[in-house]
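Pasted below: work-v3.txt, compact mmCIF, C-alpha atoms.
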# COMPACT_ATOMS: atom_id res chain seq x y z
CA MET C 1296 0.00 0.00 0.00
CA LYS C 1297 1.41 3.44 -0.99
CA PHE C 1298 0.86 6.42 1.28
CA LYS C 1299 0.69 9.74 -0.42
CA ARG C 1300 2.92 12.21 1.31
CA SER C 1301 1.91 15.84 1.47
CA SER C 1302 4.12 18.19 -0.53
CA ASN C 1303 4.57 21.95 -0.94
CA VAL C 1304 6.55 24.17 -3.31
CA LEU C 1305 9.73 26.12 -2.55
CA PHE C 1306 11.31 28.64 -4.91
CA LEU C 1307 15.01 28.06 -4.32
CA ASP C 1308 17.03 31.21 -4.74
CA PRO C 1309 20.58 31.90 -3.46
CA GLN C 1310 19.58 35.37 -2.22
CA ASP C 1311 16.38 34.36 -0.49
CA ILE C 1312 17.28 31.90 2.26
CA LYS C 1313 14.41 30.66 4.41
CA ILE C 1314 15.09 27.91 6.92
CA ARG C 1315 12.34 25.32 6.39
CA THR C 1316 11.17 22.99 9.12
CA LEU C 1317 9.18 20.09 7.73
CA ASP C 1318 6.67 17.89 9.51
CA LYS C 1319 7.24 14.16 9.53
CA GLY C 1320 6.46 12.82 6.05
CA GLU C 1321 6.27 16.28 4.53
CA ARG C 1322 8.32 16.91 1.37
CA VAL C 1323 8.85 19.87 -0.88
CA ASP C 1324 8.81 20.44 -4.63
CA ILE C 1325 11.67 22.72 -5.61
CA ILE C 1326 11.62 25.35 -8.33
CA LEU C 1327 15.16 26.47 -9.14
CA SER C 1328 15.80 30.16 -9.56
CA PRO C 1329 17.47 31.02 -12.90
CA SER C 1330 20.50 31.99 -10.75
CA LEU C 1331 21.08 28.28 -10.14
CA TYR C 1332 21.32 27.14 -13.75
CA TRP C 1333 22.46 28.13 -17.22
CA ILE C 1334 20.02 28.04 -20.09
CA LYS C 1335 20.03 28.23 -23.88
CA LYS C 1336 17.36 28.02 -26.50
CA ILE C 1337 18.80 26.30 -29.54
CA LYS C 1338 17.92 24.66 -32.81
CA LEU C 1339 19.72 21.44 -33.55
CA PRO C 1340 19.50 19.03 -36.50
CA VAL C 1341 18.46 16.15 -34.24
CA LYS C 1342 15.06 14.79 -33.37
CA SER C 1343 15.20 13.32 -29.90
CA VAL C 1344 16.03 14.87 -26.56
CA ARG C 1345 18.32 11.92 -25.87
CA GLU C 1346 20.51 12.86 -28.83
CA VAL C 1347 20.54 16.49 -27.73
CA LYS C 1348 21.67 15.56 -24.21
CA LYS C 1349 24.79 13.90 -25.65
CA LEU C 1350 25.71 17.16 -27.37
CA LEU C 1351 25.13 19.44 -24.40
CA PRO C 1352 28.67 19.50 -22.94
CA SER C 1353 29.94 20.83 -26.29
CA VAL C 1354 26.96 23.23 -26.60
CA PHE C 1355 27.91 24.83 -23.28
CA GLU C 1356 31.66 24.55 -23.84
CA ASP C 1357 33.47 27.86 -23.24
CA SER C 1358 30.32 29.56 -21.98
CA LEU C 1359 30.30 28.16 -18.42
CA PRO C 1360 32.49 29.07 -15.44
CA GLU C 1361 34.65 26.21 -14.18
CA GLY C 1362 32.62 23.55 -12.37
CA LYS C 1363 31.15 20.05 -12.52
CA TYR C 1364 27.96 20.38 -14.52
CA SER C 1365 25.00 18.14 -15.25
CA TYR C 1366 22.96 18.74 -18.36
CA THR C 1367 19.34 18.32 -19.39
CA ALA C 1368 16.99 19.47 -22.14
CA TYR C 1369 13.41 19.44 -23.31
CA LYS C 1370 11.75 20.30 -26.55
CA LEU C 1371 9.71 23.42 -27.01
CA ASP C 1372 8.02 23.63 -30.41
CA ASP C 1373 10.91 23.44 -32.94
CA ASP C 1374 13.55 24.46 -30.41
CA PHE C 1375 15.32 22.76 -27.59
CA ILE C 1376 15.59 24.39 -24.19
CA VAL C 1377 18.89 23.18 -22.77
CA PHE C 1378 20.18 23.51 -19.22
CA ALA C 1379 23.47 23.21 -17.40
CA TYR C 1380 23.53 23.11 -13.60
CA GLU C 1381 25.81 22.22 -10.75
CA ASP C 1382 24.27 19.53 -8.51
CA LYS C 1383 26.54 20.44 -5.61
CA LYS C 1384 25.61 24.11 -5.81
CA ILE C 1385 21.89 23.25 -5.65
CA LEU C 1386 22.42 20.72 -2.85
CA ASP C 1387 24.40 23.31 -0.88
CA GLN C 1388 21.56 25.75 -1.40
CA LEU C 1389 19.07 23.18 -0.09
CA THR C 1390 21.25 22.65 2.97
CA LYS C 1391 21.31 26.41 3.58
CA ASN C 1392 17.51 26.28 3.58
CA GLY C 1393 17.52 23.48 6.16
CA LEU C 1394 16.63 20.76 3.66
CA SER C 1395 18.24 17.49 2.66
CA LEU C 1396 17.76 15.57 -0.57
CA SER C 1397 15.39 13.15 1.16
CA ASP C 1398 13.06 16.09 1.95
CA VAL C 1399 12.77 16.90 -1.74
CA SER C 1400 9.95 15.49 -3.81
CA SER C 1401 10.94 16.93 -7.19
CA VAL C 1402 13.20 19.59 -8.70
CA HIS C 1403 12.00 21.88 -11.51
CA PHE C 1404 13.53 24.79 -13.38
CA ALA C 1405 11.89 28.21 -13.16
CA GLN C 1406 12.01 28.08 -16.96
CA SER C 1407 9.57 25.17 -17.19
CA GLU C 1408 7.25 26.48 -14.47
CA PHE C 1409 7.11 30.22 -15.24
CA SER C 1410 7.53 30.34 -19.04
CA SER C 1411 4.05 31.74 -19.43
CA LEU C 1412 4.51 34.70 -17.06
CA GLU C 1413 3.04 37.88 -18.46
CA SER C 1414 4.60 40.27 -16.01
CA ALA C 1415 7.68 40.44 -13.78
CA PHE C 1416 7.78 38.85 -10.34
CA SER C 1417 10.26 39.61 -7.59
CA ILE C 1418 12.13 36.56 -6.26
CA ASN C 1419 14.11 38.33 -3.55
CA GLU C 1420 14.70 41.85 -2.30
CA THR C 1421 16.77 42.93 -5.28
CA GLN C 1422 15.93 40.62 -8.16
CA SER C 1423 12.92 39.72 -10.28
CA ILE C 1424 12.19 37.27 -13.04
CA TYR C 1425 10.43 37.85 -16.27
CA VAL C 1426 10.13 36.16 -19.65
CA LYS C 1427 12.24 37.37 -22.53
CA ASP C 1428 12.27 35.55 -25.87
CA SER C 1429 10.56 32.54 -24.23
CA LEU C 1430 13.30 32.34 -21.58
CA VAL C 1431 12.80 33.11 -17.90
CA VAL C 1432 15.60 35.46 -16.86
CA VAL C 1433 16.68 37.28 -13.71
CA VAL C 1434 17.03 41.02 -13.72
CA PRO C 1435 17.54 43.61 -10.99
CA SER C 1436 14.16 44.72 -9.68
CA ALA C 1437 15.36 48.33 -10.06
CA TRP C 1438 15.16 47.95 -13.83
CA LEU C 1439 11.49 47.19 -13.71
CA GLU C 1440 8.70 49.63 -13.10
CA GLU C 1441 6.34 47.25 -11.47
CA THR C 1442 6.82 43.80 -9.89
CA GLN C 1443 4.71 41.46 -7.82
CA LYS C 1444 5.83 39.05 -5.17
CA ILE C 1445 6.13 35.54 -6.62
CA VAL C 1446 3.50 33.05 -5.37
CA THR C 1447 4.17 29.33 -5.57
CA LYS C 1448 1.41 28.02 -3.37
CA ASP C 1449 -1.15 26.91 -5.98
CA ILE C 1450 1.21 26.46 -8.91
CA GLN C 1451 0.58 23.51 -11.23
CA LEU C 1452 4.01 21.92 -11.71
CA SER C 1453 5.14 20.61 -15.09
CA LYS C 1454 6.59 17.21 -15.79
CA HIS C 1455 10.06 18.62 -16.53
CA THR C 1456 12.11 17.59 -13.54
CA ILE C 1457 15.73 16.75 -12.83
CA LYS C 1458 17.32 14.30 -10.44
CA LEU C 1459 20.14 15.72 -8.39
CA GLN C 1460 23.34 13.69 -8.18
CA GLN C 1461 24.86 13.83 -4.70
CA PHE C 1462 28.35 12.83 -5.79
CA SER C 1463 28.52 14.29 -9.25
CA HIS C 1464 31.19 16.77 -8.11
CA ILE C 1465 33.41 13.89 -6.95
CA VAL C 1466 32.73 11.23 -9.56
CA ASP C 1467 30.43 11.18 -12.56
CA ASN C 1468 27.62 8.69 -13.02
CA SER C 1469 29.39 6.53 -15.57
CA SER C 1470 32.36 6.16 -13.23
CA LEU C 1471 29.99 5.25 -10.39
CA TYR C 1472 28.38 2.59 -12.57
CA LYS C 1473 31.83 1.29 -13.58
CA ILE C 1474 32.97 1.09 -9.94
CA GLY C 1475 29.67 -0.60 -9.04
CA ALA C 1476 30.05 -3.06 -11.91
CA VAL C 1477 33.63 -3.88 -10.86
CA LEU C 1478 32.48 -4.47 -7.28
CA VAL C 1479 29.60 -6.67 -8.44
CA VAL C 1480 31.95 -8.68 -10.70
CA LEU C 1481 34.39 -9.02 -7.80
CA ALA C 1482 31.56 -10.22 -5.55
CA ILE C 1483 30.49 -12.75 -8.20
CA ILE C 1484 34.09 -14.01 -8.63
CA LEU C 1485 34.41 -14.39 -4.87
CA LEU C 1486 31.07 -16.18 -4.68
CA VAL C 1487 32.14 -18.60 -7.41
CA GLU C 1488 35.48 -19.17 -5.64
CA VAL C 1489 33.68 -19.88 -2.35
CA PHE C 1490 31.40 -22.32 -4.19
CA VAL C 1491 34.31 -24.07 -5.95
CA ALA C 1492 36.39 -24.32 -2.75
CA SER C 1493 33.36 -25.66 -0.83
CA SER C 1494 32.74 -28.26 -3.52
CA LYS C 1495 36.40 -29.36 -3.44
CA ARG C 1496 36.31 -29.59 0.36
CA ASP C 1497 33.12 -31.68 0.24
CA ALA C 1498 34.62 -33.95 -2.44
CA ILE C 1499 37.71 -34.53 -0.27
CA GLU C 1500 35.51 -35.28 2.76
CA THR C 1501 33.58 -37.83 0.69
CA ALA C 1502 36.82 -39.38 -0.60
CA LYS C 1503 38.04 -39.64 3.00
CA ASP C 1504 34.86 -41.47 4.03
CA GLU C 1505 35.31 -43.85 1.09
CA LEU C 1506 38.94 -44.40 2.12
CA PHE C 1507 37.79 -45.41 5.63
CA SER C 1508 35.32 -47.93 4.27
CA LYS C 1509 37.72 -49.25 1.57
CA TYR C 1510 40.52 -49.98 4.07
CA LYS C 1511 38.08 -50.93 6.85
CA LEU C 1512 39.57 -48.35 9.19
CA GLN C 1513 38.27 -47.79 12.69
CA SER C 1514 35.97 -44.84 13.23
CA THR C 1515 38.47 -42.47 14.86
CA MET C 1516 41.99 -41.52 13.86
CA ILE C 1517 43.20 -42.08 17.45
CA GLN C 1518 42.17 -45.74 17.27
CA ASN C 1519 43.77 -46.12 13.84
CA LYS C 1520 47.00 -44.43 14.92
CA SER C 1521 47.15 -46.67 17.97
CA THR C 1522 46.73 -49.80 15.81
CA LEU C 1523 49.32 -48.52 13.34
CA SER C 1524 51.75 -47.88 16.19
CA LYS C 1525 51.23 -51.45 17.49
CA TYR C 1526 51.95 -53.04 14.10
CA THR C 1527 54.83 -50.65 13.36
CA LYS C 1528 56.50 -51.80 16.59
CA ILE C 1529 56.04 -55.45 15.60
CA HIS C 1530 57.40 -54.74 12.13
CA LYS C 1531 60.45 -52.91 13.45
CA LYS C 1532 61.20 -55.69 15.93
CA GLN C 1533 60.82 -58.42 13.33
CA THR C 1534 62.98 -56.57 10.81
CA LYS C 1535 65.67 -56.01 13.42
CA LEU C 1536 65.51 -59.68 14.52
CA ARG C 1537 66.13 -60.86 10.97
CA GLU C 1538 68.86 -58.24 10.47
CA VAL C 1539 70.76 -59.22 13.65
CA ILE C 1540 70.44 -62.97 13.05
CA SER C 1541 71.80 -62.36 9.55
CA TYR C 1542 74.85 -60.52 11.02
CA PHE C 1543 75.55 -63.42 13.41
CA LEU C 1544 75.25 -66.08 10.75
CA ASN C 1545 77.43 -64.18 8.28
CA MET C 1546 80.21 -63.34 10.77
CA LYS C 1547 83.75 -64.35 9.94
CA LEU C 1548 84.82 -66.57 12.84
CA LYS C 1549 88.28 -67.91 13.60
CA GLU C 1550 88.93 -71.58 13.43
CA GLY C 1551 87.40 -73.37 16.41
CA GLN C 1552 84.90 -70.55 17.08
CA LYS C 1553 81.30 -71.55 16.65
CA VAL C 1554 77.80 -70.18 17.24
CA SER C 1555 76.31 -72.72 19.63
CA LEU C 1556 73.04 -71.08 20.61
CA ILE C 1557 70.62 -68.51 19.21
CA ASP C 1558 67.87 -67.72 21.69
CA TYR C 1559 65.23 -65.05 21.17
CA LYS C 1560 62.47 -64.36 23.69
CA ASN C 1561 60.66 -61.27 25.00
CA GLY C 1562 62.47 -58.96 22.61
CA VAL C 1563 65.96 -60.07 23.71
CA LEU C 1564 68.32 -62.05 21.48
CA ASN C 1565 71.06 -64.09 23.10
CA VAL C 1566 73.83 -65.63 21.03
CA VAL C 1567 76.43 -67.94 22.52
CA PHE C 1568 79.82 -68.43 20.89
CA THR C 1569 82.10 -71.32 21.93
CA GLY C 1570 85.81 -71.73 21.34
CA VAL C 1571 86.48 -68.06 21.94
CA LYS C 1572 89.83 -67.70 23.62
CA GLN C 1573 90.59 -64.61 25.69
CA GLY C 1574 91.78 -61.85 23.38
CA THR C 1575 90.24 -63.31 20.22
CA GLU C 1576 86.80 -61.92 20.99
CA ARG C 1577 87.85 -58.49 19.69
CA ARG C 1578 87.32 -59.58 16.11
CA ILE C 1579 83.71 -60.60 16.85
CA ILE C 1580 83.01 -57.44 18.86
CA SER C 1581 84.54 -55.09 16.28
CA GLN C 1582 82.44 -56.68 13.54
CA PHE C 1583 79.34 -56.05 15.62
CA LYS C 1584 80.33 -52.52 16.55
CA SER C 1585 80.82 -51.69 12.86
CA LYS C 1586 77.13 -52.52 12.34
CA LYS C 1587 76.21 -50.00 15.08
CA ILE C 1588 74.23 -52.52 17.10
CA ASN C 1589 74.00 -52.05 20.87
CA PHE C 1590 74.93 -55.21 22.74
CA GLN C 1591 76.30 -56.56 25.96
CA HIS C 1592 78.73 -59.43 26.24
CA SER C 1593 80.09 -61.71 28.94
CA PHE C 1594 82.66 -64.51 29.19
CA ASN C 1595 82.64 -67.87 30.86
CA GLY C 1596 85.82 -69.77 30.02
CA GLU C 1597 85.91 -69.95 26.23
CA THR C 1598 82.22 -69.23 25.97
CA MET C 1599 81.09 -65.73 25.04
CA ARG C 1600 77.47 -64.64 25.41
CA MET C 1601 76.18 -61.63 23.49
CA GLU C 1602 72.87 -60.03 24.34
CA VAL C 1603 71.03 -57.70 21.96
CA LYS C 1604 67.83 -55.92 22.96
CA LEU C 1605 65.61 -55.45 19.93
CA MET B 491 13.98 12.68 -4.59
CA ASN B 492 13.28 9.24 -3.16
CA ARG B 493 16.43 7.65 -4.52
CA VAL B 494 18.79 5.09 -3.05
CA ASN B 495 22.00 6.72 -1.93
CA PRO B 496 24.86 5.33 -4.08
CA LEU B 497 27.05 5.46 -0.99
CA HIS B 498 24.70 2.98 0.69
CA ILE B 499 24.88 0.65 -2.31
CA GLY B 500 28.68 0.96 -2.33
CA LEU B 501 28.78 0.27 1.40
CA LEU B 502 26.50 -2.76 0.97
CA LEU B 503 28.74 -4.09 -1.82
CA ALA B 504 31.83 -3.50 0.31
CA VAL B 505 30.23 -5.40 3.22
CA VAL B 506 29.20 -8.25 0.87
CA ILE B 507 32.73 -8.40 -0.59
CA ALA B 508 34.31 -8.32 2.89
CA PHE B 509 31.97 -11.12 4.00
CA LEU B 510 32.79 -13.16 0.88
CA PHE B 511 36.54 -12.62 1.43
CA PHE B 512 36.15 -13.86 5.00
CA GLN B 513 34.03 -16.80 3.84
CA LEU B 514 36.53 -17.65 1.09
CA SER B 515 39.46 -17.51 3.47
CA SER B 516 37.61 -19.75 5.94
CA VAL B 517 36.58 -22.26 3.22
CA LYS B 518 40.14 -22.30 1.82
CA THR B 519 41.52 -23.01 5.30
CA GLU B 520 39.00 -25.84 5.67
CA LEU B 521 40.00 -27.11 2.21
CA GLU B 522 43.69 -27.15 3.15
CA GLU B 523 42.89 -28.92 6.42
CA ALA B 524 40.76 -31.46 4.56
CA LYS B 525 43.60 -32.07 2.06
CA VAL B 526 46.16 -32.59 4.85
CA SER B 527 43.73 -34.81 6.76
CA PHE B 528 43.02 -36.87 3.63
CA GLU B 529 46.74 -37.29 2.83
CA THR B 530 47.43 -38.33 6.45
CA SER B 531 44.51 -40.77 6.43
CA GLU B 532 45.56 -42.20 3.06
CA LYS B 533 49.14 -42.80 4.22
CA LEU B 534 47.91 -44.29 7.48
CA ALA B 535 45.41 -46.50 5.65
CA VAL B 536 48.03 -47.82 3.19
CA ASP B 537 50.64 -48.43 5.93
CA LEU B 538 48.13 -50.03 8.26
CA SER B 539 46.70 -52.16 5.51
CA SER B 540 50.11 -53.50 4.45
CA LEU B 541 51.22 -54.11 8.06
CA LYS B 542 47.94 -55.84 8.93
CA SER B 543 48.23 -57.94 5.83
CA ALA B 544 51.75 -58.97 6.93
CA TYR B 545 51.18 -59.58 10.64
CA ALA B 546 47.47 -59.76 11.36
CA ASP B 547 46.09 -61.74 8.46
CA LYS B 548 45.79 -65.10 10.20
CA ARG B 549 44.59 -66.96 7.10
CA LYS B 550 47.36 -65.60 4.93
CA SER B 551 50.08 -66.34 7.52
CA LYS B 552 48.75 -69.86 8.12
CA LYS B 553 48.66 -70.54 4.40
CA ALA B 554 52.24 -69.30 3.92
CA LEU B 555 53.49 -71.39 6.84
CA GLU B 556 51.66 -74.52 5.67
CA LYS B 557 53.29 -74.07 2.29
CA ILE B 558 56.74 -73.92 3.93
CA LEU B 559 56.01 -76.98 6.08
CA ALA B 560 54.84 -78.86 3.03
CA ASN B 561 58.32 -78.59 1.53
CA ARG B 562 59.65 -82.09 0.93
CA THR B 563 62.90 -81.65 2.92
CA ILE B 564 61.12 -80.01 5.86
CA LYS B 565 58.27 -82.50 5.87
CA ALA B 566 60.75 -85.35 5.98
CA ALA B 567 62.29 -83.92 9.17
CA ASN B 568 59.18 -84.83 11.21
CA LEU B 569 58.92 -81.56 13.05
CA THR B 570 56.71 -81.32 16.12
CA ILE B 571 54.02 -78.81 15.29
CA LYS B 572 51.56 -77.52 17.87
CA ARG B 573 48.83 -75.31 16.53
CA ASN B 574 46.55 -73.21 18.70
CA LYS B 575 44.22 -70.31 18.13
CA LYS B 576 46.76 -67.52 18.40
CA SER B 577 50.05 -69.16 17.50
CA ILE B 578 51.94 -72.12 16.15
CA THR B 579 54.96 -73.81 17.76
CA ILE B 580 57.47 -75.70 15.64
CA SER B 581 60.10 -77.78 17.36
CA SER B 582 62.57 -80.57 16.81
CA LYS B 583 65.00 -82.19 19.24
CA SER B 584 67.42 -82.96 16.46
CA LEU B 585 67.40 -81.44 13.05
CA ASP B 586 70.04 -81.72 10.34
CA ALA B 587 71.76 -78.52 9.23
CA LYS B 588 70.38 -78.60 5.69
CA THR B 589 66.75 -78.81 6.85
CA LEU B 590 67.36 -76.11 9.47
CA ASN B 591 68.84 -73.82 6.84
CA THR B 592 65.92 -74.44 4.47
CA LEU B 593 63.31 -73.88 7.18
CA MET B 594 64.95 -70.78 8.70
CA GLY B 595 65.68 -69.31 5.28
CA LYS B 596 62.02 -69.53 4.32
CA VAL B 597 60.63 -68.41 7.72
CA LEU B 598 62.96 -65.43 8.06
CA ASN B 599 62.19 -64.31 4.53
CA THR B 600 58.45 -64.27 5.18
CA SER B 601 56.80 -61.66 7.38
CA PHE B 602 55.87 -63.84 10.34
CA ASN B 603 55.65 -62.49 13.84
CA ILE B 604 58.26 -64.68 15.52
CA VAL B 605 57.82 -64.35 19.30
CA SER B 606 60.41 -66.90 20.35
CA LEU B 607 63.21 -68.79 18.69
CA LYS B 608 65.81 -71.18 20.08
CA VAL B 609 68.40 -72.91 17.92
CA LYS B 610 70.95 -74.98 19.82
CA ARG B 611 73.96 -76.60 18.18
CA LEU B 612 74.16 -80.29 19.00
CA SER B 613 76.99 -81.26 16.68
CA ASP B 614 78.55 -80.09 13.42
CA THR B 615 75.52 -81.38 11.51
CA LYS B 616 72.70 -81.37 14.07
CA ALA B 617 70.80 -78.74 16.02
CA SER B 618 67.64 -78.53 18.12
CA LEU B 619 64.92 -76.03 17.26
CA ALA B 620 62.00 -74.40 19.08
CA MET B 621 60.10 -71.56 17.44
CA GLU B 622 56.79 -69.86 18.14
CA ILE B 623 55.00 -67.76 15.54
CA LYS B 624 52.06 -65.59 16.58
CA TRP B 625 49.21 -64.64 14.28
Whole structure given in structure tokens:
Amino acid sequence: MKFKRSSNVLFLDPQDIKIRTLDKGERVDIILSPSLYWIKKIKLPVKSVREVKKLLPSVFEDSLPEGKYSYTAYKLDDDFIVFAYEDKKILDQLTKNGLSLSDVSSVHFAQSEFSSLESAFSINETQSIYVKDSLVVVVPSAWLEETQKIVTKDIQLSKHTIKLQQFSHIVDNSSLYKIGAVLVVLAIILLVEVFVASSKRDAIETAKDELFSKYKLQSTMIQNKSTLSKYTKIHKKQTKLREVISYFLNMKLKEGQKVSLIDYKNGVLNVVFTGVKQGTERRIISQFKSKKINFQHSFNGETMRMEVKL
Amino acid sequence: MNRVNPLHIGLLLAVVIAFLFFQLSSVKTELEEAKVSFETSEKLAVDLSSLKSAYADKRKSKKALEKILANRTIKAANLTIKRNKKSITISSKSLDAKTLNTLMGKVLNTSFNIVSLKVKRLSDTKASLAMEIKW
């Protein structure tokens, strides 16, 4: 449901500042004084207003003081009435009158609203407007013999309005659209990246679940790591057992020296050599030391016992 | 002039982009974690599977051992074999060197979990043997 908001008309003139206090929901229609815009009445070899608007910067070139201008136009019989105005200047003027852009219902030019004036009307203490060659112009009131105070209360507003650009003095519309488009494209790229990364993550999670069922793993990694640790210990011990037995069996022994016992139990390997005379054990020990295996040895007569903890 | 302030749209886009950056960074972190977790799990699964196959596959170990014991030279040695649920004990009070070498060569070259082993020299050609293999 749309609520119609009440609206009234304000003639905005730089030399006639009236601080306006609006009720809640109340908005004003603005009529711009000719002091706030530049105007020309021209004939151009084009048909549509849209085509004219494209030409306006060059139409006003060299005739405007330095500033950031917006342009508009409308057709009047065979001519075009073209305008140049500074959004910031008008917005500043609104602020001086205690208004913000959100308080404004529509913005019109004095040209479009007072083009049918038959006499001069004063717009402030020193200036008046009147129509000359179809254009509403400002002149000092002193030049005129007779003027009336302008009345906007019951005026019937035309359809010729403009939309004020708040940031036109900083960046023009096309740049704003370009920045907006870049941001939107960036947002889309990021969204796609989030989607792709999420899909990859989900695919990996699924593959992980399949891995668990393929290898019949236990439900938690702690359980699996514990089982792996148990079997790794067994594997290391068994590898070492085979390695050490291989060293013993491939040892170069002196004549009369023999391996008489190999005994492995509870992770300890005992090997007994017989025929080892005192002083000849060095050869056996040095061979073992060269393999970097930790061992203990003891003697009993010509019997040498070597103990290796696996 | 009931128009949307471009600054508000810009701010909204900036918030959306910031949110998406945060979301992307969080999803990428999760993706990296998932990759690392998958690689760890895969390595663990392969290692565990091969180790289990070597030391915990009772059927496979039994089959390999029966094949060794079925060897003609070993079979002829009349080894004492005691089988129970969790292990097998192979023993002989007197075994010739050739049979011992054949048996030990095959057992040590297969991934059995040998929990005890005792080889005692009796003479130049004979030895006693006691060995327990756990499944």
Per-residue nearest contacts chain C to chain B, cut-off 6 Å, using all atoms listed in the file, as CSV:
residue,atom,partner,partner_atom,distance
C:Ser1397,CA,B:Met491,CA,5.9
C:Val1399,CA,B:Met491,CA,5.2
C:Ser1400,CA,B:Met491,CA,5.0
C:Ser1401,CA,B:Met491,CA,5.8
C:Ala1482,CA,B:Ile507,CA,5.4
C:Val1489,CA,B:Leu514,CA,5.0
C:Arg1496,CA,B:Leu521,CA,4.8
C:Lys1503,CA,B:Phe528,CA,5.7
C:Leu1523,CA,B:Leu538,CA,5.4
C:Ser1555,CA,B:Arg611,CA,4.8
C:Leu1556,CA,B:Lys610,CA,4.5
C:Ile1557,CA,B:Val609,CA,5.1
C:Asp1558,CA,B:Lys608,CA,4.3
C:Tyr1559,CA,B:Leu607,CA,4.9
C:Lys1560,CA,B:Ser606,CA,4.7
Limited to C-alpha atoms, could you put the picked residues into a file as a compact mmCIF listing (two decimals), in the coordinates of the input?
# COMPACT_ATOMS: atom_id res chain seq x y z
CA SER C 1397 15.39 13.15 1.16
CA VAL C 1399 12.77 16.90 -1.74
CA SER C 1400 9.95 15.49 -3.81
CA SER C 1401 10.94 16.93 -7.19
CA ALA C 1482 31.56 -10.22 -5.55
CA VAL C 1489 33.68 -19.88 -2.35
CA ARG C 1496 36.31 -29.59 0.36
CA LYS C 1503 38.04 -39.64 3.00
CA LEU C 1523 49.32 -48.52 13.34
CA SER C 1555 76.31 -72.72 19.63
CA LEU C 1556 73.04 -71.08 20.61
CA ILE C 1557 70.62 -68.51 19.21
CA ASP C 1558 67.87 -67.72 21.69
CA TYR C 1559 65.23 -65.05 21.17
CA LYS C 1560 62.47 -64.36 23.69
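You will find CA of Glu1538 in chain C at 28.1 Å from CA of Asn574 in chain B.
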**OP:** Can you work out the spacing between CA of Ile1483 in chain C and CA of Phe1462 in chain C in Å, to one decimal?
**Re:** 25.8 Å
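With only C-alpha atoms taken into account, every residue lying no more than 10 Å from the file point (18.5, 33.2, 1.8) is included here: C:Leu1307, C:Asp1308, C:Pro1309, C:Gln1310, C:Asp1311, C:Ile1312, C:Lys1313, C:Ile1314, C:Gln1388, C:Lys1391, C:Asn1392, C:Asn1419.
Take CA of Thr563 in chain B and CA of Arg549 in chain B: the distance between them is 23.8 Å.
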